[in-house]
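A short write-up of the structure that comes next.
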Amino acid sequence: MKKKADFLFSADENKFREALRDFLVRVDAQKIEQEINEQNYYPRELYGKLGEGGFLAQVLPVGYGGSGSLTCEAILAEELGASCVPLAWIHSTSSYAYATIARYGTETQKKKYLSAMKSGAKIGAIAITEPEAGSDVMRMATRAERKDDEYVIAGEKRNITNGSKADILLVWAITNPGVDPAVGMSVFIVEPEKGFEVLEDYKLLGGFPGTINSHLKFDRLSVPKENLLGGENNKGAKILFDELAIERALYAAMLVGEARPVLELAVRYSMVREQFGTTISRFEAVSFKIADMATKLEAAKLMVYHTTRLIDAGFNAEKESAMAKLLASEAFYGVANNTVQILGGRGVTDEYPAEWAFRMARLSMIPAGTNEIMRFIVQREVYKAYRRKRAGED
Ligand SMILES: Cc1cc2nc3c(=O)[nH]c(=O)nc-3n(C[C@H](O)[C@H](O)[C@H](O)COP(=O)(O)OP(=O)(O)OC[C@H]3O[C@@H](n4cnc5c(N)ncnc54)[C@H](O)[C@@H]3O)c2cc1C
C-alpha cells in the first residue's frame, strides 16, 4: 500500500527516492558527514564516489543520462541534505550550473560538458555575485570583451560556492557596456586557467566544514568564443532569471532535507529527557514547538514540489521559487532554533548537531537571493497579478 508520505509522488519518483536512500545508507553518508565535520576537508573524491551510484544527473535530459525531471533533482537535493550536508552543497551548486547548460547550451556544449555530471567527475559553480553587485545583480561590473576568437574576462566574483574547487564555472559578465545590463549581459562556461585567481576561501559563520565559498578574480582570463552559453550574445539576463528560479527551488529542497534530521533530534531528545518527573515532551511549551516545526517544514516541502512540477511543466515559476526558498529557509531556521531550545544546555554544545544546524539555518537565508529579495519578488508578482485582474486581462 502507498505510504502517506509518498502520496504526492509518482511510482517512478518514489522508486527513485527509495533507491537513493538505500544507496546513501550503503555509502554511509551520515558517517561521511560526521567525518567531514571533524576533519574539515572538501570531499571531492567522495563526491566522485557518489557518482558511481548513477544518481547525480537528474537535471540532465534523458539523452544525456539524466531524467530531465527537476522534481527528481529536488528529491536528490532533499535526500542529500538530510544525509550529508557538505555533499549536498557541492552537488546542489554544481547542479545549477549543469541544469543551465542543459537548458541553454548548444549541442556541442552539451556534448562537451554534460557527461561529466553523472560521474561526479567535474564540479560546477555559478558565479554571479560581485563585491558591488549582490542583490542588485544589474550592477555587475565584470566585463567580457571579444578579441578575435576569444572573449577576455576581467572582474571579481564573491561568495561563490565551490568557487576555488570548481572544474567549470558559469560566469555572468557584461558584453555590451553601452546598454542596460538586462540586454547587455552574457554567460560563459569558464574552466579555471591562466588569469583565474582565488583571492580567498571564506570561513563561514564560525566554520562550515566541507563547503567552499570563494572570492575570485578574473585577470584577463581568455575563453574561446565557443564558450558563450547558448552561442548567443547578450542573453545573460534571461538565462540568469531562469537559472535563479531553478536554483531557489533546488536550494529550498536541500534545506527541507537539512531540517529533517534536526526535527527528529528534537523529537527524540524530548521523549527521553526527564524533568519534573516526566519527559519534557509532555510539556506543551515543548510539544507545541514540535507542532510548529513540523507544520512549517511540511508546508515548505509542499511548496518545493509544487514549484518543481510547475517548472517541469514549462511554466514560469519565479514567484513560487521565491516562496519556496523563503518558506524553506525560515522553516529550517525555526526548526534549528527550537531544537537548540528544546535541548537546553546540551543544545549549545557540540555534543549534538543542534548548534551546527542553527548556524547553517541562519546562513541559509542569504544565498540564492536574500529573504528580503524573496519577499520583494513575491509582492511584485502579487501586485502584478492583481493589476492584470483589475484590467480584465486574467
Ligand atoms: C553561503 C553563501 C553561498 C553563496 N553562493 C553563491 C554562489 O554560488 N554564487 C553566487 O553568485 N553568489 C553566491 N552567494 C552570494 C549571495 O547570492 C549574495 O550574498 C546575496 O545575493 C546578497 O548579496 P550581498 O551579500 O551583496 O548583500 P547585499 O545585496 O549588499 O544586501 C545587504 C542587505 O541589504 C538587503 N537588501 C538589499 N537590497 C534590498 C532591497 N531592494 N530591499 C530590501 N532589502 C534589501 C539584503 O536583503 C541584505 O539584508 C552566496 C552567499 C552565501 C552567504
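Letters A, B, ... mark the chains of the C-alpha cells in the order given; residue numbers begin at 1 per chain; ligand numbers begin at 1, in order shown.
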
*Expected answer as a VMD selection string: residues within 9 Å of ligand 1, only C-alpha atoms and all ligand atoms*: chain A and resid 93 to 94 125 to 137 157 to 163 171 to 172 204 to 205 208 211 to 214 360 363 to 376

_strand (DSSP E) positions in range 75-195 of chain A, given as a ChimeraX atom specification_ = /A:124-127,143-147,150-161,168-174,185-190

*Quick one: of A:Thr339, A:Ser115, A:Asn316, A:Gln30, who's nearest to Glu264 in chain A, counting only C-alpha atoms?*
A:Thr339

Could you name the residues that touch range 13-29 of chain A at 9 Å or less, counting only C-alpha atoms, but leaving out those on the same chain fewer than 2 positions away, as a PDB file with C-alpha atoms, in the first residue's frame?
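Printed below is result_6.pdb as written:
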ATOM      1  CA  ASP A   6       4.719   9.056  -0.850  1.00  0.00           C
ATOM      2  CA  PHE A   7       1.260  10.093  -1.942  1.00  0.00           C
ATOM      3  CA  PHE A   9       4.856  11.450  -5.913  1.00  0.00           C
ATOM      4  CA  SER A  10       4.604   9.151  -8.924  1.00  0.00           C
ATOM      5  CA  ALA A  11       5.624   5.499  -8.657  1.00  0.00           C
ATOM      6  CA  LYS A  31      29.195   8.922   8.781  1.00  0.00           C
ATOM      7  CA  ILE A  32      30.878  10.809   5.957  1.00  0.00           C
ATOM      8  CA  GLU A  33      29.181  13.974   7.192  1.00  0.00           C
ATOM      9  CA  GLN A  34      30.425  13.353  10.721  1.00  0.00           C
ATOM     10  CA  LYS A  49      32.055   8.108  -5.408  1.00  0.00           C
ATOM     11  CA  LEU A  50      28.513   9.363  -5.198  1.00  0.00           C
ATOM     12  CA  GLY A  53      25.523   5.296  -7.851  1.00  0.00           C
ATOM     13  CA  PHE A  55      22.029   9.355  -9.322  1.00  0.00           C
ATOM     14  CA  THR A  71      11.259  17.042  -9.287  1.00  0.00           C
ATOM     15  CA  CYS A  72      13.693  14.092  -9.186  1.00  0.00           C
ATOM     16  CA  ILE A  75      14.295  14.629  -4.294  1.00  0.00           C
ATOM     17  CA  LEU A  76      18.050  14.161  -4.700  1.00  0.00           C
ATOM     18  CA  GLU A  79      17.850  13.354   0.474  1.00  0.00           C
ATOM     19  CA  LEU A  80      21.440  14.564   0.233  1.00  0.00           C
ATOM     20  CA  SER A  83      22.082  12.648   4.997  1.00  0.00           C
ATOM     21  CA  CYS A  84      25.248  14.619   4.210  1.00  0.00           C
ATOM     22  CA  LEU A  87      27.932  16.658  -0.323  1.00  0.00           C
TER      23      LEU A  87
END

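Considering only C-alpha atoms, the residue among A:Val223, A:Pro353, A:Ala322, A:Val59 positioned nearest to Arg380 in chain A is A:Ala322.
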
_Residues near Ser92 in chain A, cut-off 8 Å, only C-alpha atoms, skip fewer than 4 positions along chain, as a list in words_ = Ala77, Ala88, Tyr96, Leu250, Tyr251 and Met254 of chain A

Dump of N, CA and C atoms for the selected residues, as a short mmCIF file (atom, residue, chain, number, x, y, z; two decimals), in the first residue's frame:
data_model
loop_
_atom_site.label_atom_id
_atom_site.label_comp_id
_atom_site.auth_asym_id
_atom_site.auth_seq_id
_atom_site.Cartn_x
_atom_site.Cartn_y
_atom_site.Cartn_z
N ALA A 77 18.28 16.49 -3.99
CA ALA A 77 18.79 17.57 -3.11
C ALA A 77 18.27 17.38 -1.69
N ALA A 88 25.71 17.61 -0.18
CA ALA A 88 24.51 18.27 -0.71
C ALA A 88 24.85 19.65 -1.27
N TYR A 96 23.07 23.46 -10.43
CA TYR A 96 22.52 24.69 -11.02
C TYR A 96 23.29 25.01 -12.32
N LEU A 250 15.69 24.22 -5.96
CA LEU A 250 16.57 23.12 -5.53
C LEU A 250 17.24 23.43 -4.19
N TYR A 251 17.58 24.68 -4.00
CA TYR A 251 18.18 25.10 -2.73
C TYR A 251 17.17 24.87 -1.59
N MET A 254 16.97 21.26 -0.69
CA MET A 254 18.11 20.85 0.15
C MET A 254 17.88 21.27 1.61
#

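The neighbours of Pro177 in chain A here are the residues that come within 12 Å of it, using only C-alpha atoms and leaving out any residue fewer than 2 positions away in the same chain; they are Met138, Arg139, Met140, Ala141, Thr142, Arg143, Ala144, Glu145, Ala173, Ile174, Thr175, Val179, Asp180, Pro181, Ala182, Val183, Gly184, Met185, Ser186 and Asn234 of chain A.
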
*All helix (DSSP H, G or I) residues (DSSP, backbone) inside range 146-239 of chain A, as a list in words*: Gly163, Ser164, Lys165, Pro181, Ala182, Val183, Lys225, Glu226, Asn227, Leu229, Gly230, Gly231, Gly236, Ala237, Lys238 and Ile239 of chain A

_I'd like the contact shell of Gly120 in chain A - 6 Å cut-off, only C-alpha atoms, skipping same-chain residues fewer than 3 positions apart - returned as a PyMOL selection string._
chain A and resi 48+51+117

Could you please take those selected residues and save C-alpha atoms as an mmCIF file, in the first residue's frame?
data_model
loop_
_atom_site.group_PDB
_atom_site.id
_atom_site.type_symbol
_atom_site.label_atom_id
_atom_site.label_comp_id
_atom_site.auth_asym_id
_atom_site.auth_seq_id
_atom_site.Cartn_x
_atom_site.Cartn_y
_atom_site.Cartn_z
ATOM 1 C CA GLY A 48 33.040 11.281 -7.263
ATOM 2 C CA GLY A 51 28.592 9.473 -8.994
ATOM 3 C CA MET A 117 27.958 15.455 -14.248
#

*asked:* So that I can check the surroundings of Lys319 in chain A, please list as number ranges by chain every protein, DNA and RNA residue that reaches within 8 Å of it, counting only C-alpha atoms and ignoring chain neighbours fewer than 2 positions away.
replied: A: 317, 321-323, 377-378, 381

*Shortest interatomic distance to Met303 in chain A - which of A:Arg248, A:Arg390, A:Lys118, A:Arg44, counting only C-alpha atoms*: A:Arg248

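If you look at CA of Ser164 in chain A and CA of Ile189 in chain A, they are 15.2 Å away from each other.
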
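Closest approach to Lys238 in chain A among A:Val304, A:Leu297, A:Ala116, A:Val187: A:Val187, based on only C-alpha atoms.
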